[in-house]
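Asker: Please read through the structure below; I'll follow up with questions.
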Amino acid sequence: MEPPEHRAEGAGPFTTRLTWNRPEGGTVVWESRLARKRGALSVRAPGGTVAMSPNADAEALDRLRRLNSLASGAFFLGGVLFALGAGVAQFGSGDPLESASIYFAGGLFFSIGGYTSLLQVLNAPRHSQGGGPLASVRWRWWGYEPARVDWLSTFVLFAGTLVFGVNLLDSFLQGLTVQQTNRLIWTPDVIGCVLFLISGHLGFVEICHRSRPCIRSRSLGWWVVAVNQFGSVLFMVAALAAFTRPTTQSLINTGIANWGTLCGALCFSLGGVLQAFERP
């Protein structure tokens, strides 16, 4: 007799999809992102029809909706403010404190979005054996679960927003040498971008159930991850262009730094809008 849980998929040590046979025929599928974002399982009928089936209790689904609204709104506002800051830097009066203040406000919203995303993982319903109803968990403000790819992805994302916060705070410092500017402002910027890229890659691992990125144009979750990852790439391009040359004491390319930040920030705003629809 085939065991109820007959297939586990994922990448490396991470399990991102479990499939069970149903006694009446067909299968029940638990997918990491579908369960934690929508509190649902995927059910395939004997005839091959696939449907998303809400499977968590009402309290858990309401919790998911509220956390998703907060996270999506925070990323949207953070992206808008970062885009505004880049626009002021490119077209404004040239006062660096003006754009730094706007960036800092945007960074606060990014950190709120990052932490709320982590809360979504910690408080999402968990799968049960045999494809039964998703099990609700008690509320937690913190947890350590590095064996879960969704936890690792959101934790790295949150860490990236905190590192960006160091960069944004240091941007208010005046009278820095070129070496100090690159160490205190540019280096945290690059590290934050690397963490965002790692988080996005882990997001693809969760959706694609493998280590390599995939294309799933019919999946809203895939679009959220893809748009945000493209924004992270643009942030990295902007960060590399913002390195201050010791010989000339000027940025490698100010225009690329500002436009890369602006376009990357708009990607995160769009990702926030898309995320608003990825709910129970």
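Each chain of the structure tokens is named A, B, ... in the order shown, its residues numbered from 1; ligands are numbered from 1 in display order.
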Just want the 7 Å neighbourhood of A:Gly85, counted on only C-alpha atoms, with same-chain residues fewer than 3 positions away dropped. Output as a list in words.
Answerer: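 Here the answer would be Leu81, Phe82, Val88, Ala89, Ser99, Ile102 and Tyr103 of chain A.
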Asker: Those same residues - C-alpha atoms - I'd like them written as a compact mmCIF listing (two decimals), in the first residue's frame.
Answerer:
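The resulting file, part.txt, is shown below:
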```txt
# COMPACT_ATOMS: atom_id res chain seq x y z
CA LEU A 81 9.35 57.18 -0.76
CA PHE A 82 12.58 55.68 -2.09
CA VAL A 88 14.82 64.63 -5.46
CA ALA A 89 18.49 63.58 -5.65
CA SER A 99 16.87 63.19 -0.17
CA ILE A 102 13.02 60.91 2.37
CA TYR A 103 15.13 57.76 1.99
```
Asker: Write out as a PyMOL selection string the set of residues from stretch 38-270 of chain A that DSSP, computed on the backbone, places in strand (DSSP E or B).
Answerer: chain A and resi 40-44+50-54+126+135+244+251
Asker: Name all residues at most 8 Å from stretch 147-157 of chain A (count only C-alpha atoms; drop same-chain ones fewer than 5 positions away) and give them as a ChimeraX atom specification.
Answerer: /A:13-16,32-33,114-115,117-118,121-122,195-196,198-200,202-203,205-206
Asker: Write a file of the selected residues as a PDB file, in the first residue's frame, keeping N, CA, C and O atoms.
Answerer:
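New file again-v8.pdb:
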```
ATOM      1  N   PRO A  13      18.064  21.087   1.656  1.00  0.00           N
ATOM      2  CA  PRO A  13      17.400  20.634   2.891  1.00  0.00           C
ATOM      3  C   PRO A  13      15.968  21.144   3.024  1.00  0.00           C
ATOM      4  O   PRO A  13      15.281  20.797   3.981  1.00  0.00           O
ATOM      5  N   PHE A  14      15.503  21.942   2.064  1.00  0.00           N
ATOM      6  CA  PHE A  14      14.200  22.596   2.188  1.00  0.00           C
ATOM      7  C   PHE A  14      13.107  21.791   1.490  1.00  0.00           C
ATOM      8  O   PHE A  14      13.250  21.404   0.327  1.00  0.00           O
ATOM      9  N   THR A  15      12.020  21.554   2.196  1.00  0.00           N
ATOM     10  CA  THR A  15      10.836  20.935   1.610  1.00  0.00           C
ATOM     11  C   THR A  15       9.816  22.034   1.342  1.00  0.00           C
ATOM     12  O   THR A  15       9.395  22.736   2.261  1.00  0.00           O
ATOM     13  N   THR A  16       9.435  22.187   0.088  1.00  0.00           N
ATOM     14  CA  THR A  16       8.520  23.260  -0.284  1.00  0.00           C
ATOM     15  C   THR A  16       7.182  22.757  -0.817  1.00  0.00           C
ATOM     16  O   THR A  16       6.261  23.528  -1.000  1.00  0.00           O
ATOM     17  N   SER A  32       4.370  25.490   0.253  1.00  0.00           N
ATOM     18  CA  SER A  32       4.777  26.409   1.306  1.00  0.00           C
ATOM     19  C   SER A  32       4.151  27.791   1.143  1.00  0.00           C
ATOM     20  O   SER A  32       3.515  28.319   2.062  1.00  0.00           O
ATOM     21  N   ARG A  33       4.297  28.406  -0.022  1.00  0.00           N
ATOM     22  CA  ARG A  33       3.819  29.780  -0.195  1.00  0.00           C
ATOM     23  C   ARG A  33       2.291  29.846  -0.203  1.00  0.00           C
ATOM     24  O   ARG A  33       1.699  30.755   0.378  1.00  0.00           O
ATOM     25  N   GLY A 114       9.470  44.183   6.035  1.00  0.00           N
ATOM     26  CA  GLY A 114      10.313  43.005   6.214  1.00  0.00           C
ATOM     27  C   GLY A 114       9.953  42.233   7.468  1.00  0.00           C
ATOM     28  O   GLY A 114       9.857  41.001   7.442  1.00  0.00           O
ATOM     29  N   TYR A 115       9.735  42.957   8.571  1.00  0.00           N
ATOM     30  CA  TYR A 115       9.398  42.271   9.818  1.00  0.00           C
ATOM     31  C   TYR A 115       8.015  41.640   9.745  1.00  0.00           C
ATOM     32  O   TYR A 115       7.797  40.517  10.217  1.00  0.00           O
ATOM     33  N   SER A 117       6.600  40.500   7.086  1.00  0.00           N
ATOM     34  CA  SER A 117       6.743  39.297   6.259  1.00  0.00           C
ATOM     35  C   SER A 117       7.251  38.128   7.092  1.00  0.00           C
ATOM     36  O   SER A 117       6.815  36.986   6.916  1.00  0.00           O
ATOM     37  N   LEU A 118       8.165  38.423   8.018  1.00  0.00           N
ATOM     38  CA  LEU A 118       8.657  37.378   8.917  1.00  0.00           C
ATOM     39  C   LEU A 118       7.548  36.894   9.844  1.00  0.00           C
ATOM     40  O   LEU A 118       7.418  35.690  10.106  1.00  0.00           O
ATOM     41  N   VAL A 121       5.335  34.331   8.215  1.00  0.00           N
ATOM     42  CA  VAL A 121       5.881  32.971   8.229  1.00  0.00           C
ATOM     43  C   VAL A 121       5.700  32.329   9.599  1.00  0.00           C
ATOM     44  O   VAL A 121       5.271  31.174   9.715  1.00  0.00           O
ATOM     45  N   LEU A 122       6.025  33.068  10.649  1.00  0.00           N
ATOM     46  CA  LEU A 122       5.978  32.510  12.000  1.00  0.00           C
ATOM     47  C   LEU A 122       4.567  32.136  12.421  1.00  0.00           C
ATOM     48  O   LEU A 122       4.374  31.199  13.207  1.00  0.00           O
ATOM     49  N   LEU A 195      21.818  41.003   0.442  1.00  0.00           N
ATOM     50  CA  LEU A 195      20.830  40.286   1.252  1.00  0.00           C
ATOM     51  C   LEU A 195      19.465  40.267   0.547  1.00  0.00           C
ATOM     52  O   LEU A 195      18.763  39.247   0.579  1.00  0.00           O
ATOM     53  N   PHE A 196      19.085  41.364  -0.094  1.00  0.00           N
ATOM     54  CA  PHE A 196      17.827  41.380  -0.845  1.00  0.00           C
ATOM     55  C   PHE A 196      17.856  40.364  -1.975  1.00  0.00           C
ATOM     56  O   PHE A 196      16.872  39.668  -2.235  1.00  0.00           O
ATOM     57  N   ILE A 198      19.695  37.612  -2.146  1.00  0.00           N
ATOM     58  CA  ILE A 198      19.635  36.262  -1.567  1.00  0.00           C
ATOM     59  C   ILE A 198      18.213  35.918  -1.169  1.00  0.00           C
ATOM     60  O   ILE A 198      17.714  34.814  -1.433  1.00  0.00           O
ATOM     61  N   SER A 199      17.516  36.868  -0.549  1.00  0.00           N
ATOM     62  CA  SER A 199      16.126  36.645  -0.157  1.00  0.00           C
ATOM     63  C   SER A 199      15.255  36.343  -1.374  1.00  0.00           C
ATOM     64  O   SER A 199      14.420  35.433  -1.344  1.00  0.00           O
ATOM     65  N   GLY A 200      15.463  37.098  -2.449  1.00  0.00           N
ATOM     66  CA  GLY A 200      14.683  36.863  -3.665  1.00  0.00           C
ATOM     67  C   GLY A 200      14.962  35.497  -4.265  1.00  0.00           C
ATOM     68  O   GLY A 200      14.043  34.815  -4.741  1.00  0.00           O
ATOM     69  N   LEU A 202      15.875  32.811  -2.624  1.00  0.00           N
ATOM     70  CA  LEU A 202      15.191  31.840  -1.775  1.00  0.00           C
ATOM     71  C   LEU A 202      13.683  31.858  -2.031  1.00  0.00           C
ATOM     72  O   LEU A 202      13.016  30.824  -1.926  1.00  0.00           O
ATOM     73  N   GLY A 203      13.144  33.036  -2.384  1.00  0.00           N
ATOM     74  CA  GLY A 203      11.736  33.110  -2.761  1.00  0.00           C
ATOM     75  C   GLY A 203      11.447  32.281  -4.004  1.00  0.00           C
ATOM     76  O   GLY A 203      10.410  31.608  -4.091  1.00  0.00           O
ATOM     77  N   VAL A 205      13.212  29.657  -4.879  1.00  0.00           N
ATOM     78  CA  VAL A 205      13.334  28.260  -4.445  1.00  0.00           C
ATOM     79  C   VAL A 205      12.005  27.773  -3.884  1.00  0.00           C
ATOM     80  O   VAL A 205      11.557  26.655  -4.175  1.00  0.00           O
ATOM     81  N   GLU A 206      11.350  28.615  -3.087  1.00  0.00           N
ATOM     82  CA  GLU A 206      10.075  28.227  -2.488  1.00  0.00           C
ATOM     83  C   GLU A 206       8.999  28.000  -3.536  1.00  0.00           C
ATOM     84  O   GLU A 206       8.205  27.061  -3.437  1.00  0.00           O
TER      85      GLU A 206
END
```
Asker: With a distance cut-off of 12 Å and only C-alpha atoms, select the neighbouring residues of A:Ala238, excluding the residue or stretch itself and same-chain residues fewer than 5 positions from it, and output the selection as a PDB file with all heavy atoms, in the first residue's frame.
Answerer:
```pdb
ATOM      1  N   ALA A  86      15.016  59.368  -4.691  1.00  0.00           N
ATOM      2  CA  ALA A  86      15.901  59.315  -5.851  1.00  0.00           C
ATOM      3  C   ALA A  86      15.571  60.432  -6.831  1.00  0.00           C
ATOM      4  O   ALA A  86      16.476  61.034  -7.439  1.00  0.00           O
ATOM      5  CB  ALA A  86      15.778  57.961  -6.537  1.00  0.00           C
ATOM      6  N   TRP A 186      28.490  53.432   1.646  1.00  0.00           N
ATOM      7  CA  TRP A 186      28.439  52.566   0.467  1.00  0.00           C
ATOM      8  C   TRP A 186      28.455  51.088   0.843  1.00  0.00           C
ATOM      9  O   TRP A 186      27.683  50.288   0.296  1.00  0.00           O
ATOM     10  CB  TRP A 186      29.615  52.875  -0.452  1.00  0.00           C
ATOM     11  CG  TRP A 186      29.629  52.045  -1.701  1.00  0.00           C
ATOM     12  CD1 TRP A 186      28.876  52.246  -2.833  1.00  0.00           C
ATOM     13  CD2 TRP A 186      30.423  50.875  -1.947  1.00  0.00           C
ATOM     14  NE1 TRP A 186      29.148  51.277  -3.771  1.00  0.00           N
ATOM     15  CE2 TRP A 186      30.090  50.423  -3.252  1.00  0.00           C
ATOM     16  CE3 TRP A 186      31.361  50.176  -1.206  1.00  0.00           C
ATOM     17  CZ2 TRP A 186      30.683  49.307  -3.817  1.00  0.00           C
ATOM     18  CZ3 TRP A 186      31.952  49.048  -1.764  1.00  0.00           C
ATOM     19  CH2 TRP A 186      31.622  48.631  -3.049  1.00  0.00           C
ATOM     20  N   ASP A 189      25.192  49.721   2.024  1.00  0.00           N
ATOM     21  CA  ASP A 189      24.273  49.726   0.885  1.00  0.00           C
ATOM     22  C   ASP A 189      24.453  48.462   0.052  1.00  0.00           C
ATOM     23  O   ASP A 189      23.475  47.775  -0.300  1.00  0.00           O
ATOM     24  CB  ASP A 189      24.535  50.978   0.040  1.00  0.00           C
ATOM     25  CG  ASP A 189      23.482  51.199  -1.037  1.00  0.00           C
ATOM     26  OD1 ASP A 189      22.413  50.548  -0.979  1.00  0.00           O
ATOM     27  OD2 ASP A 189      23.714  52.029  -1.932  1.00  0.00           O
ATOM     28  N   VAL A 190      25.686  48.112  -0.252  1.00  0.00           N
ATOM     29  CA  VAL A 190      25.968  46.919  -1.055  1.00  0.00           C
ATOM     30  C   VAL A 190      25.565  45.656  -0.304  1.00  0.00           C
ATOM     31  O   VAL A 190      24.969  44.728  -0.880  1.00  0.00           O
ATOM     32  CB  VAL A 190      27.454  46.881  -1.456  1.00  0.00           C
ATOM     33  CG1 VAL A 190      27.800  45.541  -2.100  1.00  0.00           C
ATOM     34  CG2 VAL A 190      27.778  48.013  -2.413  1.00  0.00           C
ATOM     35  N   CYS A 193      21.889  45.207  -0.441  1.00  0.00           N
ATOM     36  CA  CYS A 193      21.470  44.734  -1.764  1.00  0.00           C
ATOM     37  C   CYS A 193      21.728  43.244  -1.930  1.00  0.00           C
ATOM     38  O   CYS A 193      20.903  42.514  -2.498  1.00  0.00           O
ATOM     39  CB  CYS A 193      22.200  45.517  -2.853  1.00  0.00           C
ATOM     40  SG  CYS A 193      21.700  47.244  -3.008  1.00  0.00           S
ATOM     41  N   GLY A 231      13.727  44.508  -8.855  1.00  0.00           N
ATOM     42  CA  GLY A 231      14.020  45.719  -8.107  1.00  0.00           C
ATOM     43  C   GLY A 231      15.320  45.599  -7.334  1.00  0.00           C
ATOM     44  O   GLY A 231      16.100  46.558  -7.242  1.00  0.00           O
ATOM     45  N   SER A 232      15.594  44.408  -6.771  1.00  0.00           N
ATOM     46  CA  SER A 232      16.837  44.195  -6.037  1.00  0.00           C
ATOM     47  C   SER A 232      18.050  44.291  -6.962  1.00  0.00           C
ATOM     48  O   SER A 232      19.101  44.816  -6.577  1.00  0.00           O
ATOM     49  CB  SER A 232      16.817  42.825  -5.356  1.00  0.00           C
ATOM     50  OG  SER A 232      15.782  42.744  -4.402  1.00  0.00           O
ATOM     51  N   VAL A 233      17.913  43.781  -8.181  1.00  0.00           N
ATOM     52  CA  VAL A 233      19.002  43.893  -9.164  1.00  0.00           C
ATOM     53  C   VAL A 233      19.287  45.357  -9.476  1.00  0.00           C
ATOM     54  O   VAL A 233      20.449  45.791  -9.525  1.00  0.00           O
ATOM     55  CB  VAL A 233      18.647  43.118 -10.444  1.00  0.00           C
ATOM     56  CG1 VAL A 233      19.671  43.409 -11.549  1.00  0.00           C
ATOM     57  CG2 VAL A 233      18.591  41.616 -10.180  1.00  0.00           C
ATOM     58  N   PHE A 243      29.621  54.127  -5.741  1.00  0.00           N
ATOM     59  CA  PHE A 243      30.942  54.081  -5.117  1.00  0.00           C
ATOM     60  C   PHE A 243      31.683  55.381  -5.396  1.00  0.00           C
ATOM     61  O   PHE A 243      31.698  55.876  -6.522  1.00  0.00           O
ATOM     62  CB  PHE A 243      31.738  52.889  -5.651  1.00  0.00           C
ATOM     63  CG  PHE A 243      33.109  52.761  -5.060  1.00  0.00           C
ATOM     64  CD1 PHE A 243      33.271  52.190  -3.804  1.00  0.00           C
ATOM     65  CD2 PHE A 243      34.231  53.206  -5.749  1.00  0.00           C
ATOM     66  CE1 PHE A 243      34.543  52.054  -3.247  1.00  0.00           C
ATOM     67  CE2 PHE A 243      35.497  53.077  -5.201  1.00  0.00           C
ATOM     68  CZ  PHE A 243      35.648  52.509  -3.951  1.00  0.00           C
ATOM     69  N   LEU A 251      31.132  60.163  -7.453  1.00  0.00           N
ATOM     70  CA  LEU A 251      30.543  58.847  -7.675  1.00  0.00           C
ATOM     71  C   LEU A 251      30.927  58.316  -9.049  1.00  0.00           C
ATOM     72  O   LEU A 251      31.195  59.083  -9.977  1.00  0.00           O
ATOM     73  CB  LEU A 251      29.019  58.919  -7.558  1.00  0.00           C
ATOM     74  CG  LEU A 251      28.419  59.464  -6.262  1.00  0.00           C
ATOM     75  CD1 LEU A 251      26.908  59.286  -6.276  1.00  0.00           C
ATOM     76  CD2 LEU A 251      29.029  58.798  -5.047  1.00  0.00           C
ATOM     77  N   ILE A 252      30.902  56.978  -9.179  1.00  0.00           N
ATOM     78  CA  ILE A 252      31.187  56.377 -10.483  1.00  0.00           C
ATOM     79  C   ILE A 252      30.209  56.895 -11.527  1.00  0.00           C
ATOM     80  O   ILE A 252      30.597  57.295 -12.622  1.00  0.00           O
ATOM     81  CB  ILE A 252      31.128  54.838 -10.389  1.00  0.00           C
ATOM     82  CG1 ILE A 252      32.311  54.311  -9.574  1.00  0.00           C
ATOM     83  CG2 ILE A 252      31.122  54.207 -11.782  1.00  0.00           C
ATOM     84  CD1 ILE A 252      32.307  52.814  -9.389  1.00  0.00           C
ATOM     85  N   ASN A 253      28.935  56.902 -11.187  1.00  0.00           N
ATOM     86  CA  ASN A 253      27.930  57.447 -12.106  1.00  0.00           C
ATOM     87  C   ASN A 253      26.711  57.857 -11.289  1.00  0.00           C
ATOM     88  O   ASN A 253      25.919  56.996 -10.890  1.00  0.00           O
ATOM     89  CB  ASN A 253      27.551  56.419 -13.173  1.00  0.00           C
ATOM     90  CG  ASN A 253      26.764  57.043 -14.319  1.00  0.00           C
ATOM     91  OD1 ASN A 253      25.746  57.686 -14.100  1.00  0.00           O
ATOM     92  ND2 ASN A 253      27.250  56.847 -15.534  1.00  0.00           N
ATOM     93  N   THR A 254      26.546  59.138 -11.074  1.00  0.00           N
ATOM     94  CA  THR A 254      25.432  59.641 -10.256  1.00  0.00           C
ATOM     95  C   THR A 254      24.086  59.344 -10.903  1.00  0.00           C
ATOM     96  O   THR A 254      23.125  58.968 -10.221  1.00  0.00           O
ATOM     97  CB  THR A 254      25.576  61.152 -10.035  1.00  0.00           C
ATOM     98  OG1 THR A 254      26.834  61.422  -9.412  1.00  0.00           O
ATOM     99  CG2 THR A 254      24.450  61.685  -9.160  1.00  0.00           C
ATOM    100  N   GLY A 255      24.008  59.490 -12.220  1.00  0.00           N
ATOM    101  CA  GLY A 255      22.746  59.247 -12.910  1.00  0.00           C
ATOM    102  C   GLY A 255      22.270  57.814 -12.766  1.00  0.00           C
ATOM    103  O   GLY A 255      21.100  57.552 -12.477  1.00  0.00           O
ATOM    104  N   ILE A 256      23.197  56.856 -12.961  1.00  0.00           N
ATOM    105  CA  ILE A 256      22.827  55.446 -12.808  1.00  0.00           C
ATOM    106  C   ILE A 256      22.429  55.153 -11.366  1.00  0.00           C
ATOM    107  O   ILE A 256      21.467  54.404 -11.106  1.00  0.00           O
ATOM    108  CB  ILE A 256      23.991  54.540 -13.251  1.00  0.00           C
ATOM    109  CG1 ILE A 256      24.185  54.634 -14.764  1.00  0.00           C
ATOM    110  CG2 ILE A 256      23.730  53.089 -12.849  1.00  0.00           C
ATOM    111  CD1 ILE A 256      25.347  53.816 -15.284  1.00  0.00           C
ATOM    112  N   ALA A 257      23.152  55.733 -10.408  1.00  0.00           N
ATOM    113  CA  ALA A 257      22.822  55.524  -8.998  1.00  0.00           C
ATOM    114  C   ALA A 257      21.407  56.002  -8.685  1.00  0.00           C
ATOM    115  O   ALA A 257      20.630  55.293  -8.019  1.00  0.00           O
ATOM    116  CB  ALA A 257      23.834  56.243  -8.111  1.00  0.00           C
ATOM    117  N   ASN A 258      21.048  57.177  -9.168  1.00  0.00           N
ATOM    118  CA  ASN A 258      19.715  57.722  -8.876  1.00  0.00           C
ATOM    119  C   ASN A 258      18.620  57.005  -9.652  1.00  0.00           C
ATOM    120  O   ASN A 258      17.575  56.649  -9.086  1.00  0.00           O
ATOM    121  CB  ASN A 258      19.683  59.223  -9.191  1.00  0.00           C
ATOM    122  CG  ASN A 258      20.524  60.041  -8.220  1.00  0.00           C
ATOM    123  OD1 ASN A 258      20.728  59.648  -7.072  1.00  0.00           O
ATOM    124  ND2 ASN A 258      21.030  61.182  -8.682  1.00  0.00           N
ATOM    125  N   TRP A 259      18.852  56.779 -10.941  1.00  0.00           N
ATOM    126  CA  TRP A 259      17.817  56.140 -11.752  1.00  0.00           C
ATOM    127  C   TRP A 259      17.644  54.666 -11.378  1.00  0.00           C
ATOM    128  O   TRP A 259      16.527  54.140 -11.403  1.00  0.00           O
ATOM    129  CB  TRP A 259      18.141  56.280 -13.234  1.00  0.00           C
ATOM    130  CG  TRP A 259      17.748  57.605 -13.792  1.00  0.00           C
ATOM    131  CD1 TRP A 259      18.574  58.640 -14.126  1.00  0.00           C
ATOM    132  CD2 TRP A 259      16.418  58.052 -14.065  1.00  0.00           C
ATOM    133  NE1 TRP A 259      17.843  59.710 -14.585  1.00  0.00           N
ATOM    134  CE2 TRP A 259      16.517  59.377 -14.563  1.00  0.00           C
ATOM    135  CE3 TRP A 259      15.165  57.479 -13.940  1.00  0.00           C
ATOM    136  CZ2 TRP A 259      15.399  60.122 -14.942  1.00  0.00           C
ATOM    137  CZ3 TRP A 259      14.044  58.215 -14.314  1.00  0.00           C
ATOM    138  CH2 TRP A 259      14.173  59.520 -14.801  1.00  0.00           C
ATOM    139  N   GLY A 260      18.740  54.003 -11.031  1.00  0.00           N
ATOM    140  CA  GLY A 260      18.622  52.621 -10.589  1.00  0.00           C
ATOM    141  C   GLY A 260      17.822  52.514  -9.312  1.00  0.00           C
ATOM    142  O   GLY A 260      16.980  51.616  -9.154  1.00  0.00           O
ATOM    143  N   THR A 261      18.071  53.446  -8.380  1.00  0.00           N
ATOM    144  CA  THR A 261      17.308  53.457  -7.132  1.00  0.00           C
ATOM    145  C   THR A 261      15.843  53.762  -7.395  1.00  0.00           C
ATOM    146  O   THR A 261      14.948  53.111  -6.830  1.00  0.00           O
ATOM    147  CB  THR A 261      17.889  54.499  -6.157  1.00  0.00           C
ATOM    148  OG1 THR A 261      19.249  54.175  -5.878  1.00  0.00           O
ATOM    149  CG2 THR A 261      17.099  54.523  -4.860  1.00  0.00           C
ATOM    150  N   LEU A 262      15.590  54.742  -8.255  1.00  0.00           N
ATOM    151  CA  LEU A 262      14.201  55.125  -8.547  1.00  0.00           C
ATOM    152  C   LEU A 262      13.428  53.967  -9.177  1.00  0.00           C
ATOM    153  O   LEU A 262      12.323  53.618  -8.727  1.00  0.00           O
ATOM    154  CB  LEU A 262      14.189  56.351  -9.475  1.00  0.00           C
ATOM    155  CG  LEU A 262      12.849  57.058  -9.684  1.00  0.00           C
ATOM    156  CD1 LEU A 262      13.082  58.538 -10.032  1.00  0.00           C
ATOM    157  CD2 LEU A 262      12.036  56.424 -10.804  1.00  0.00           C
ATOM    158  N   CYS A 263      13.989  53.359 -10.202  1.00  0.00           N
ATOM    159  CA  CYS A 263      13.282  52.269 -10.890  1.00  0.00           C
ATOM    160  C   CYS A 263      13.166  51.036 -10.001  1.00  0.00           C
ATOM    161  O   CYS A 263      12.131  50.352 -10.001  1.00  0.00           O
ATOM    162  CB  CYS A 263      14.002  51.917 -12.193  1.00  0.00           C
ATOM    163  SG  CYS A 263      13.966  53.247 -13.427  1.00  0.00           S
ATOM    164  N   GLY A 264      14.218  50.735  -9.232  1.00  0.00           N
ATOM    165  CA  GLY A 264      14.141  49.607  -8.309  1.00  0.00           C
ATOM    166  C   GLY A 264      13.078  49.815  -7.253  1.00  0.00           C
ATOM    167  O   GLY A 264      12.343  48.888  -6.896  1.00  0.00           O
ATOM    168  N   ALA A 265      12.975  51.049  -6.749  1.00  0.00           N
ATOM    169  CA  ALA A 265      11.961  51.359  -5.740  1.00  0.00           C
ATOM    170  C   ALA A 265      10.558  51.207  -6.305  1.00  0.00           C
ATOM    171  O   ALA A 265       9.650  50.709  -5.628  1.00  0.00           O
ATOM    172  CB  ALA A 265      12.166  52.776  -5.216  1.00  0.00           C
TER     173      ALA A 265
END
```
Asker: Can you list every residue of stretch 23-104 of chain A that has an atom at most 7 Å from stretch 160-176 of chain A, with its nearest atom pair and the distance in Å to one decimal, using only C-alpha atoms, ordered by chain then number, as CSV?
Answerer:
```
residue,atom,partner,partner_atom,distance
A:Leu97,CA,A:Phe172,CA,6.4
A:Ala100,CA,A:Ser171,CA,6.3
A:Tyr103,CA,A:Leu168,CA,6.8
A:Phe104,CA,A:Leu168,CA,5.6
```
Asker: Keeping only C-alpha atoms, write the selected residues to a file as a PDB file, in the first residue's frame.
Answerer:
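Final file, again-v2.pdb:
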```pdb
ATOM      1  CA  LEU A  97      19.922  65.997   3.565  1.00  0.00           C
ATOM      2  CA  ALA A 100      18.449  61.433   2.848  1.00  0.00           C
ATOM      3  CA  TYR A 103      15.132  57.762   1.989  1.00  0.00           C
ATOM      4  CA  PHE A 104      15.146  57.287   5.766  1.00  0.00           C
TER       5      PHE A 104
END
```
Asker: What is the distance, in Å and to one decimal place, between atom CA of A:Leu274 and atom CA of A:Ser136?
Answerer: 25.5 Å
Asker: Please list as a list in words every residue within 8 Å of A:Trp30, counting only C-alpha atoms and excluding residues in the same chain fewer than 5 positions away.
Answerer: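 Selected residues are Arg17, Leu18, Thr19, Ala35, Ala40, Leu41, Ser42, His127 and Gly131 of chain A.
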Asker: Restricted to all heavy atoms, what would the selected residues look like written as a CSV table (one decimal), in the first residue's frame?
Answerer:
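Output contents, as saved in result_0.csv:
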```csv
chain,number,residue,atom,x,y,z
A,17,ARG,N,7.1,21.4,-1.1
A,17,ARG,CA,5.8,20.9,-1.6
A,17,ARG,C,5.7,19.4,-1.1
A,17,ARG,O,6.7,18.7,-1.2
A,17,ARG,CB,5.7,21.0,-3.1
A,17,ARG,CG,4.4,20.4,-3.6
A,17,ARG,CD,4.1,20.9,-5.0
A,17,ARG,NE,5.2,20.5,-6.0
A,17,ARG,CZ,5.2,21.0,-7.2
A,17,ARG,NH1,4.4,21.9,-7.7
A,17,ARG,NH2,6.2,20.6,-8.0
A,18,LEU,N,4.5,19.1,-0.6
A,18,LEU,CA,4.2,17.7,-0.2
A,18,LEU,C,2.9,17.3,-0.9
A,18,LEU,O,2.0,18.1,-1.0
A,18,LEU,CB,4.0,17.6,1.3
A,18,LEU,CG,5.3,17.9,2.2
A,18,LEU,CD1,4.8,18.0,3.7
A,18,LEU,CD2,6.3,16.8,2.0
A,19,THR,N,2.9,16.0,-1.4
A,19,THR,CA,1.8,15.5,-2.1
A,19,THR,C,1.3,14.3,-1.4
A,19,THR,O,2.1,13.3,-1.1
A,19,THR,CB,2.1,15.2,-3.6
A,19,THR,OG1,2.6,16.4,-4.2
A,19,THR,CG2,0.9,14.8,-4.3
A,35,ALA,N,0.2,27.9,1.3
A,35,ALA,CA,-0.3,27.7,2.7
A,35,ALA,C,-0.1,28.9,3.6
A,35,ALA,O,-1.0,29.3,4.3
A,35,ALA,CB,0.3,26.5,3.3
A,40,ALA,N,-4.3,27.8,2.3
A,40,ALA,CA,-5.0,26.9,1.4
A,40,ALA,C,-4.1,25.7,1.0
A,40,ALA,O,-2.9,25.8,1.0
A,40,ALA,CB,-5.5,27.6,0.2
A,41,LEU,N,-4.7,24.6,0.6
A,41,LEU,CA,-4.1,23.5,-0.1
A,41,LEU,C,-4.6,23.4,-1.5
A,41,LEU,O,-5.6,24.0,-1.9
A,41,LEU,CB,-4.5,22.2,0.6
A,41,LEU,CG,-4.0,22.1,2.1
A,41,LEU,CD1,-4.6,20.8,2.7
A,41,LEU,CD2,-2.5,22.1,2.2
A,42,SER,N,-3.8,22.7,-2.3
A,42,SER,CA,-4.2,22.5,-3.7
A,42,SER,C,-4.8,21.1,-3.8
A,42,SER,O,-4.1,20.1,-3.5
A,42,SER,CB,-3.0,22.7,-4.7
A,42,SER,OG,-3.4,22.4,-6.0
A,127,HIS,N,1.2,22.6,7.9
A,127,HIS,CA,0.5,21.4,7.3
A,127,HIS,C,0.4,20.3,8.3
A,127,HIS,O,1.2,20.2,9.3
A,127,HIS,CB,1.3,20.9,6.1
A,127,HIS,CG,2.6,20.2,6.4
A,127,HIS,ND1,2.7,18.9,6.8
A,127,HIS,CD2,3.9,20.7,6.4
A,127,HIS,CE1,4.0,18.6,7.1
A,127,HIS,NE2,4.7,19.6,6.8
A,131,GLY,N,-2.4,15.3,4.6
A,131,GLY,CA,-3.1,16.3,3.8
A,131,GLY,C,-4.4,16.7,4.5
A,131,GLY,O,-5.3,17.2,3.9
```
Asker: Which residue out of A:Leu119, A:Ala83, A:Val43, A:Leu108 has the minimum interatomic distance to A:Phe235 when only C-alpha atoms are used?
Answerer: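 Checking each of A:Leu119, A:Ala83, A:Val43, A:Leu108 against A:Phe235, counting only C-alpha atoms, the winner is A:Ala83.
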Asker: Distance atom CA of A:Gly106-atom CA of A:Phe277, one decimal place?
Answerer: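 Distance between the two atoms: 22.1 Å.
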Asker: What residues in stretch 66-158 of chain A get the DSSP label alpha helix (DSSP H)? Please answer as a ChimeraX atom specification.
Answerer: /A:66-91,96-122,149-158
Asker: Could you tell me how far atom CA of A:Phe204 lies from atom CA of A:Gly143, in Å and to one decimal?
Answerer: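 So the two atoms, atom CA of A:Phe204 and atom CA of A:Gly143, lie 22.4 Å apart.
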